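Undergrad: The structure that follows is given in the form of structure tokens.
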Amino acid sequence: MEKVRVDIENKGYDIKIGEKLLDNISSYISNEYKWMIVTDSNVWSIYGELFERELGGNKPVLYSITPGEEQKNLHTVTEIIKSMLENNFTRGDKIIALGGGVIGDMAGFCAAIFMRGISFVQIPTTLLAQVDSSVGGKTGVNLPEAKNIIGAFHQPELVLIDTSVLKTLPPREVVTGLGEIIKYGLIEDYSFFRYVVSNLNGIISLDQGIMPGIIKRCCEIKAKIVTQDERERGIRKFLNLGHTIAHALETATEYKIYTHGEAVLLGIYYEAKMALKMGLIENAYGEEILRAIKATKINLSLKGFSVSRLIDIMINDKKNKDNRISFILPRGRGRVEEYLLERNIAQSILLDISEV
Ligand code: ADP
Ligand code: ZN
């Protein structure tokens, strides 16, 4: 088993990573407390039996939702909290978030607000959640007007990552995780980026010989960054590499065309092209990034997108200041920096580099 410590002051926690970790789930779930498992019906139909068998002596209360981002809202949060009240949960009891990013964000948010905050354990089951969203304590839900607009920073007390659950993921969900994995190499560790690129097929086929190490390295990098900057006042922004463009593409397509990770892969591709255009990185390095993204075989065409509409969306993003758009761009091997670009400059660069 691999272990990563997230050393945030007064609320540090461990991330435990390994194949078949969930076979020992009962050793992590103390029967001193009541537990509520928040999950979705896809995940529960595959892994429910294991939990029922392993936690038989301390049967958790189950709250299973219909899968999908549409459920990540205040109505579901209220229903989960009502169910905790009906089951006499107190401030000492705990939540297990068992699922992908949707479940992690929403169950974490319930933990952040129930009786002003209780403990929770993250058990991420998608590659995206295992390498990215389950670590760092961002929790929240959507409004129809804006994603993740209601939320709180609330760190879990433990993150349990069982790499064998990835085997039941739809293939598209694996490529989705890849976007964030490549991101970690580019922001912090060039040799990890090289390792990921040379093991792309092993990652796509979820080779259990390499997955725990890859997930561990992503968690280490995220842990290091969020430990220094829990609330995104400084370097946590670097985790947004690829995301300025990704969010614009997701918004422009109403979240219907790309998964988050696919949008991030496109975002990294075009942000690397921006960095090349702006002379921030050597050609050889830029080309290496572009080749890596192409090797994932996702469709990189921006045909049908209006660049000025994408820029409008970016301007309205909550991360911007003074009408300038924040981009995190590669600035050397394994290094990124923030650039605040005026609207017309960003627009002319993007027009220049978009591929159809
Ligand atoms: P993320 O935001 O992490 O990409 P979601 O929470 O949107 O993920 O989950 C994506 C889809 O994958 C959902 O339909 C969910 O039910 C399903 N899912 C999650 N984990 C697994 C798993 N281990 N095996 C099969 N399906 C899964
Ligand atoms: Zn992301």
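To be explicit about the labels: the chains of the structure tokens are called A, B, and onward in the order shown, and within each one the residues are counted from 1, while ligands get numbers from 1 in the order they are shown.
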At a cut-off of 7 Å around ligand 2, and using only C-alpha atoms and all ligand atoms, what residues come up? Please write them as a ChimeraX atom specification.
TA: /A:180,243,260-261,264
Undergrad: Taking a cut-off of 8 Å and counting only C-alpha atoms and all ligand atoms, can you build a table that, for each residue of chain A near ligand 1, reports the nearest atom pair and how far apart they are in Å (one decimal), sorted by chain then residue number, as CSV?
TA:
residue,atom,partner,partner_atom_place_in_ligand_line,distance
A:Asp40,CA,ligand 1,16 (O),5.7
A:Ser41,CA,ligand 1,16 (O),6.6
A:Asn42,CA,ligand 1,16 (O),4.4
A:Val43,CA,ligand 1,21 (C),5.3
A:Ile46,CA,ligand 1,24 (N),7.1
A:Pro67,CA,ligand 1,16 (O),4.9
A:Gly68,CA,ligand 1,7 (O),5.6
A:Glu69,CA,ligand 1,7 (O),6.0
A:Gly99,CA,ligand 1,20 (N),5.1
A:Gly100,CA,ligand 1,6 (O),3.3
A:Gly101,CA,ligand 1,2 (O),3.6
A:Val102,CA,ligand 1,6 (O),3.9
A:Ile103,CA,ligand 1,6 (O),5.6
A:Gly104,CA,ligand 1,6 (O),7.5
A:Pro124,CA,ligand 1,20 (N),7.5
A:Thr125,CA,ligand 1,20 (N),4.3
A:Thr126,CA,ligand 1,20 (N),4.6
A:Leu127,CA,ligand 1,3 (O),6.8
A:Leu128,CA,ligand 1,3 (O),4.8
A:Ala129,CA,ligand 1,3 (O),4.5
A:Gln130,CA,ligand 1,3 (O),7.9
A:Ser133,CA,ligand 1,3 (O),7.3
A:Val165,CA,ligand 1,23 (N),4.6
A:Leu166,CA,ligand 1,23 (N),4.9
A:Lys167,CA,ligand 1,24 (N),6.8
A:Thr168,CA,ligand 1,24 (N),4.1
A:Leu169,CA,ligand 1,25 (C),3.9
A:Pro170,CA,ligand 1,25 (C),6.3
A:Glu173,CA,ligand 1,4 (O),6.2
A:Thr176,CA,ligand 1,4 (O),6.7
A:Gly177,CA,ligand 1,4 (O),7.5
A:Thr259,CA,ligand 1,4 (O),7.2
A:His260,CA,ligand 1,4 (O),6.9
A:Gly261,CA,ligand 1,4 (O),7.5
Undergrad: Enter the distance from atom CA of Ile95 of chain A to atom CA of Ile17 of chain A, in Å, rounded to one decimal.
TA: 19.5 Å
Undergrad: Excluding Tyr63 of chain A and residues on its chain fewer than 6 positions from it, collect all residues at most 9 Å away from it, counting only C-alpha atoms, and give them as a list in words.
TA: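 Counting only the stated atoms, we get Met36, Ile37, Val38, Thr39, Asp40, Ile80 and Ser83 of chain A.
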Undergrad: Determine, counting only C-alpha atoms, which protein, DNA and RNA residues have an atom within 10 Å of an atom of Ile353 of chain A; residues of the same chain fewer than 2 positions away are not included. Present the result as a list in words.
TA: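 So, after excluding close chain neighbours, the residues are Tyr270, Glu271, Lys273, Met274, Leu276, Lys277, Ser348, Ile349, Leu350, Leu351, Glu355 and Val356 of chain A.
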Undergrad: With only C-alpha atoms as the counted atoms, please give the residues lying no more than 10 Å from Cys218 of chain A, apart from itself and same-chain residues fewer than 5 positions off, as a PDB file with all heavy atoms, in the first residue's frame.
TA:
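New file result_14.pdb:
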ATOM      1  N   GLN A 130      -9.742  10.065  -8.202  1.00  0.00           N
ATOM      2  CA  GLN A 130      -8.598   9.497  -7.472  1.00  0.00           C
ATOM      3  C   GLN A 130      -7.346  10.358  -7.619  1.00  0.00           C
ATOM      4  O   GLN A 130      -6.559  10.470  -6.691  1.00  0.00           O
ATOM      5  CB  GLN A 130      -8.304   8.073  -7.971  1.00  0.00           C
ATOM      6  CG  GLN A 130      -9.426   7.097  -7.632  1.00  0.00           C
ATOM      7  CD  GLN A 130      -9.049   5.629  -7.808  1.00  0.00           C
ATOM      8  OE1 GLN A 130      -8.055   5.299  -8.438  1.00  0.00           O
ATOM      9  NE2 GLN A 130      -9.862   4.752  -7.248  1.00  0.00           N
ATOM     10  N   VAL A 131      -7.154  10.973  -8.800  1.00  0.00           N
ATOM     11  CA  VAL A 131      -5.933  11.759  -8.983  1.00  0.00           C
ATOM     12  C   VAL A 131      -6.134  13.234  -8.668  1.00  0.00           C
ATOM     13  O   VAL A 131      -5.180  13.981  -8.583  1.00  0.00           O
ATOM     14  CB  VAL A 131      -5.349  11.653 -10.413  1.00  0.00           C
ATOM     15  CG1 VAL A 131      -4.930  10.223 -10.708  1.00  0.00           C
ATOM     16  CG2 VAL A 131      -6.323  12.164 -11.465  1.00  0.00           C
ATOM     17  N   ASP A 132      -7.379  13.672  -8.516  1.00  0.00           N
ATOM     18  CA  ASP A 132      -7.570  15.114  -8.432  1.00  0.00           C
ATOM     19  C   ASP A 132      -8.611  15.548  -7.407  1.00  0.00           C
ATOM     20  O   ASP A 132      -8.277  16.077  -6.348  1.00  0.00           O
ATOM     21  CB  ASP A 132      -7.915  15.658  -9.824  1.00  0.00           C
ATOM     22  CG  ASP A 132      -7.816  17.154  -9.911  1.00  0.00           C
ATOM     23  OD1 ASP A 132      -6.711  17.675  -9.715  1.00  0.00           O
ATOM     24  OD2 ASP A 132      -8.843  17.813 -10.142  1.00  0.00           O
ATOM     25  N   VAL A 135      -8.801  14.984  -3.310  1.00  0.00           N
ATOM     26  CA  VAL A 135      -7.749  15.531  -2.449  1.00  0.00           C
ATOM     27  C   VAL A 135      -7.827  17.050  -2.453  1.00  0.00           C
ATOM     28  O   VAL A 135      -8.013  17.652  -3.516  1.00  0.00           O
ATOM     29  CB  VAL A 135      -6.351  15.086  -2.957  1.00  0.00           C
ATOM     30  CG1 VAL A 135      -5.237  15.717  -2.148  1.00  0.00           C
ATOM     31  CG2 VAL A 135      -6.250  13.571  -2.933  1.00  0.00           C
ATOM     32  N   GLU A 180      -5.947  15.245 -16.161  1.00  0.00           N
ATOM     33  CA  GLU A 180      -5.389  15.791 -14.913  1.00  0.00           C
ATOM     34  C   GLU A 180      -4.006  15.179 -14.631  1.00  0.00           C
ATOM     35  O   GLU A 180      -3.123  15.852 -14.096  1.00  0.00           O
ATOM     36  CB  GLU A 180      -6.329  15.551 -13.723  1.00  0.00           C
ATOM     37  CG  GLU A 180      -7.781  16.038 -13.918  1.00  0.00           C
ATOM     38  CD  GLU A 180      -7.974  17.550 -13.801  1.00  0.00           C
ATOM     39  OE1 GLU A 180      -7.008  18.282 -13.505  1.00  0.00           O
ATOM     40  OE2 GLU A 180      -9.116  18.013 -14.044  1.00  0.00           O
ATOM     41  N   ILE A 181      -3.799  13.916 -14.999  1.00  0.00           N
ATOM     42  CA  ILE A 181      -2.497  13.266 -14.745  1.00  0.00           C
ATOM     43  C   ILE A 181      -1.397  13.992 -15.521  1.00  0.00           C
ATOM     44  O   ILE A 181      -0.346  14.330 -14.974  1.00  0.00           O
ATOM     45  CB  ILE A 181      -2.553  11.760 -15.132  1.00  0.00           C
ATOM     46  CG1 ILE A 181      -3.518  11.010 -14.201  1.00  0.00           C
ATOM     47  CG2 ILE A 181      -1.160  11.135 -15.068  1.00  0.00           C
ATOM     48  CD1 ILE A 181      -3.759   9.545 -14.575  1.00  0.00           C
ATOM     49  N   ILE A 182      -1.663  14.263 -16.804  1.00  0.00           N
ATOM     50  CA  ILE A 182      -0.673  14.992 -17.614  1.00  0.00           C
ATOM     51  C   ILE A 182      -0.437  16.379 -17.019  1.00  0.00           C
ATOM     52  O   ILE A 182       0.684  16.866 -16.923  1.00  0.00           O
ATOM     53  CB  ILE A 182      -1.141  15.069 -19.090  1.00  0.00           C
ATOM     54  CG1 ILE A 182      -1.095  13.664 -19.706  1.00  0.00           C
ATOM     55  CG2 ILE A 182      -0.302  16.059 -19.891  1.00  0.00           C
ATOM     56  CD1 ILE A 182      -1.647  13.558 -21.116  1.00  0.00           C
ATOM     57  N   LYS A 183      -1.509  17.006 -16.552  1.00  0.00           N
ATOM     58  CA  LYS A 183      -1.402  18.328 -15.917  1.00  0.00           C
ATOM     59  C   LYS A 183      -0.381  18.321 -14.772  1.00  0.00           C
ATOM     60  O   LYS A 183       0.459  19.219 -14.678  1.00  0.00           O
ATOM     61  CB  LYS A 183      -2.787  18.736 -15.388  1.00  0.00           C
ATOM     62  CG  LYS A 183      -2.806  20.025 -14.604  1.00  0.00           C
ATOM     63  CD  LYS A 183      -4.167  20.274 -13.950  1.00  0.00           C
ATOM     64  CE  LYS A 183      -4.270  19.626 -12.583  1.00  0.00           C
ATOM     65  NZ  LYS A 183      -5.533  19.947 -11.875  1.00  0.00           N
ATOM     66  N   TYR A 184      -0.440  17.310 -13.899  1.00  0.00           N
ATOM     67  CA  TYR A 184       0.486  17.283 -12.756  1.00  0.00           C
ATOM     68  C   TYR A 184       1.942  17.249 -13.193  1.00  0.00           C
ATOM     69  O   TYR A 184       2.793  17.905 -12.601  1.00  0.00           O
ATOM     70  CB  TYR A 184       0.159  16.108 -11.820  1.00  0.00           C
ATOM     71  CG  TYR A 184      -1.050  16.404 -10.975  1.00  0.00           C
ATOM     72  CD1 TYR A 184      -2.262  15.772 -11.198  1.00  0.00           C
ATOM     73  CD2 TYR A 184      -0.991  17.392  -9.995  1.00  0.00           C
ATOM     74  CE1 TYR A 184      -3.390  16.089 -10.463  1.00  0.00           C
ATOM     75  CE2 TYR A 184      -2.112  17.716  -9.255  1.00  0.00           C
ATOM     76  CZ  TYR A 184      -3.301  17.067  -9.487  1.00  0.00           C
ATOM     77  OH  TYR A 184      -4.406  17.400  -8.765  1.00  0.00           O
ATOM     78  N   GLY A 185       2.230  16.458 -14.260  1.00  0.00           N
ATOM     79  CA  GLY A 185       3.603  16.417 -14.751  1.00  0.00           C
ATOM     80  C   GLY A 185       4.041  17.790 -15.230  1.00  0.00           C
ATOM     81  O   GLY A 185       5.143  18.253 -14.921  1.00  0.00           O
ATOM     82  N   GLU A 188       4.653  20.436 -12.329  1.00  0.00           N
ATOM     83  CA  GLU A 188       5.557  20.226 -11.194  1.00  0.00           C
ATOM     84  C   GLU A 188       6.684  19.227 -11.443  1.00  0.00           C
ATOM     85  O   GLU A 188       7.703  19.273 -10.765  1.00  0.00           O
ATOM     86  CB  GLU A 188       4.690  19.755 -10.007  1.00  0.00           C
ATOM     87  CG  GLU A 188       5.381  19.550  -8.690  1.00  0.00           C
ATOM     88  CD  GLU A 188       5.791  20.827  -7.982  1.00  0.00           C
ATOM     89  OE1 GLU A 188       5.143  21.859  -8.206  1.00  0.00           O
ATOM     90  OE2 GLU A 188       6.784  20.782  -7.220  1.00  0.00           O
ATOM     91  N   ASP A 189       6.549  18.321 -12.396  1.00  0.00           N
ATOM     92  CA  ASP A 189       7.519  17.227 -12.450  1.00  0.00           C
ATOM     93  C   ASP A 189       7.654  16.714 -13.884  1.00  0.00           C
ATOM     94  O   ASP A 189       6.916  15.845 -14.327  1.00  0.00           O
ATOM     95  CB  ASP A 189       7.027  16.113 -11.496  1.00  0.00           C
ATOM     96  CG  ASP A 189       7.995  14.945 -11.399  1.00  0.00           C
ATOM     97  OD1 ASP A 189       8.937  14.876 -12.212  1.00  0.00           O
ATOM     98  OD2 ASP A 189       7.792  14.103 -10.517  1.00  0.00           O
ATOM     99  N   PHE A 192       8.102  12.996 -14.452  1.00  0.00           N
ATOM    100  CA  PHE A 192       6.819  12.276 -14.319  1.00  0.00           C
ATOM    101  C   PHE A 192       6.006  12.413 -15.609  1.00  0.00           C
ATOM    102  O   PHE A 192       5.423  11.446 -16.097  1.00  0.00           O
ATOM    103  CB  PHE A 192       6.039  12.808 -13.102  1.00  0.00           C
ATOM    104  CG  PHE A 192       4.689  12.154 -12.916  1.00  0.00           C
ATOM    105  CD1 PHE A 192       4.574  10.794 -12.682  1.00  0.00           C
ATOM    106  CD2 PHE A 192       3.524  12.911 -12.983  1.00  0.00           C
ATOM    107  CE1 PHE A 192       3.323  10.189 -12.521  1.00  0.00           C
ATOM    108  CE2 PHE A 192       2.270  12.322 -12.816  1.00  0.00           C
ATOM    109  CZ  PHE A 192       2.172  10.955 -12.583  1.00  0.00           C
ATOM    110  N   GLY A 213       1.372   3.759  -8.412  1.00  0.00           N
ATOM    111  CA  GLY A 213       2.483   4.726  -8.405  1.00  0.00           C
ATOM    112  C   GLY A 213       2.096   6.028  -9.091  1.00  0.00           C
ATOM    113  O   GLY A 213       2.455   7.124  -8.620  1.00  0.00           O
ATOM    114  N   ALA A 223      -1.046  17.335  -2.947  1.00  0.00           N
ATOM    115  CA  ALA A 223      -0.913  17.527  -1.494  1.00  0.00           C
ATOM    116  C   ALA A 223       0.079  18.646  -1.195  1.00  0.00           C
ATOM    117  O   ALA A 223      -0.164  19.511  -0.349  1.00  0.00           O
ATOM    118  CB  ALA A 223      -0.454  16.225  -0.834  1.00  0.00           C
ATOM    119  N   LYS A 224       1.189  18.643  -1.912  1.00  0.00           N
ATOM    120  CA  LYS A 224       2.216  19.656  -1.681  1.00  0.00           C
ATOM    121  C   LYS A 224       1.652  21.058  -1.964  1.00  0.00           C
ATOM    122  O   LYS A 224       1.859  22.003  -1.189  1.00  0.00           O
ATOM    123  CB  LYS A 224       3.404  19.362  -2.605  1.00  0.00           C
ATOM    124  CG  LYS A 224       4.519  20.347  -2.492  1.00  0.00           C
ATOM    125  CD  LYS A 224       5.683  19.971  -3.388  1.00  0.00           C
ATOM    126  CE  LYS A 224       6.525  21.214  -3.655  1.00  0.00           C
ATOM    127  NZ  LYS A 224       7.239  21.181  -4.896  1.00  0.00           N
TER     128      LYS A 224
END
Undergrad: Apply DSSP to the structure's backbone, then extract all residues of segment 134-343 of chain A labelled alpha helix (DSSP H) and return them as number ranges by chain.
TA: A: 171-188, 190-198, 200-204, 211-228, 243-252, 260-277, 283-295, 307-315, 343
Undergrad: Write out as a PyMOL selection string which residues come within 10 Å of Ala272 of chain A when counting only C-alpha atoms, dropping same-chain ones fewer than 2 positions away.
TA: chain A and resi 241-242+266-270+274-278+280-281+285-290+328-331
Undergrad: Choose the residue, out of A:Thr296, A:His247, A:Ile118, A:Ala97, that has the smallest atom-to-atom separation from Val196 of chain A; count only C-alpha atoms.
TA: A:Thr296
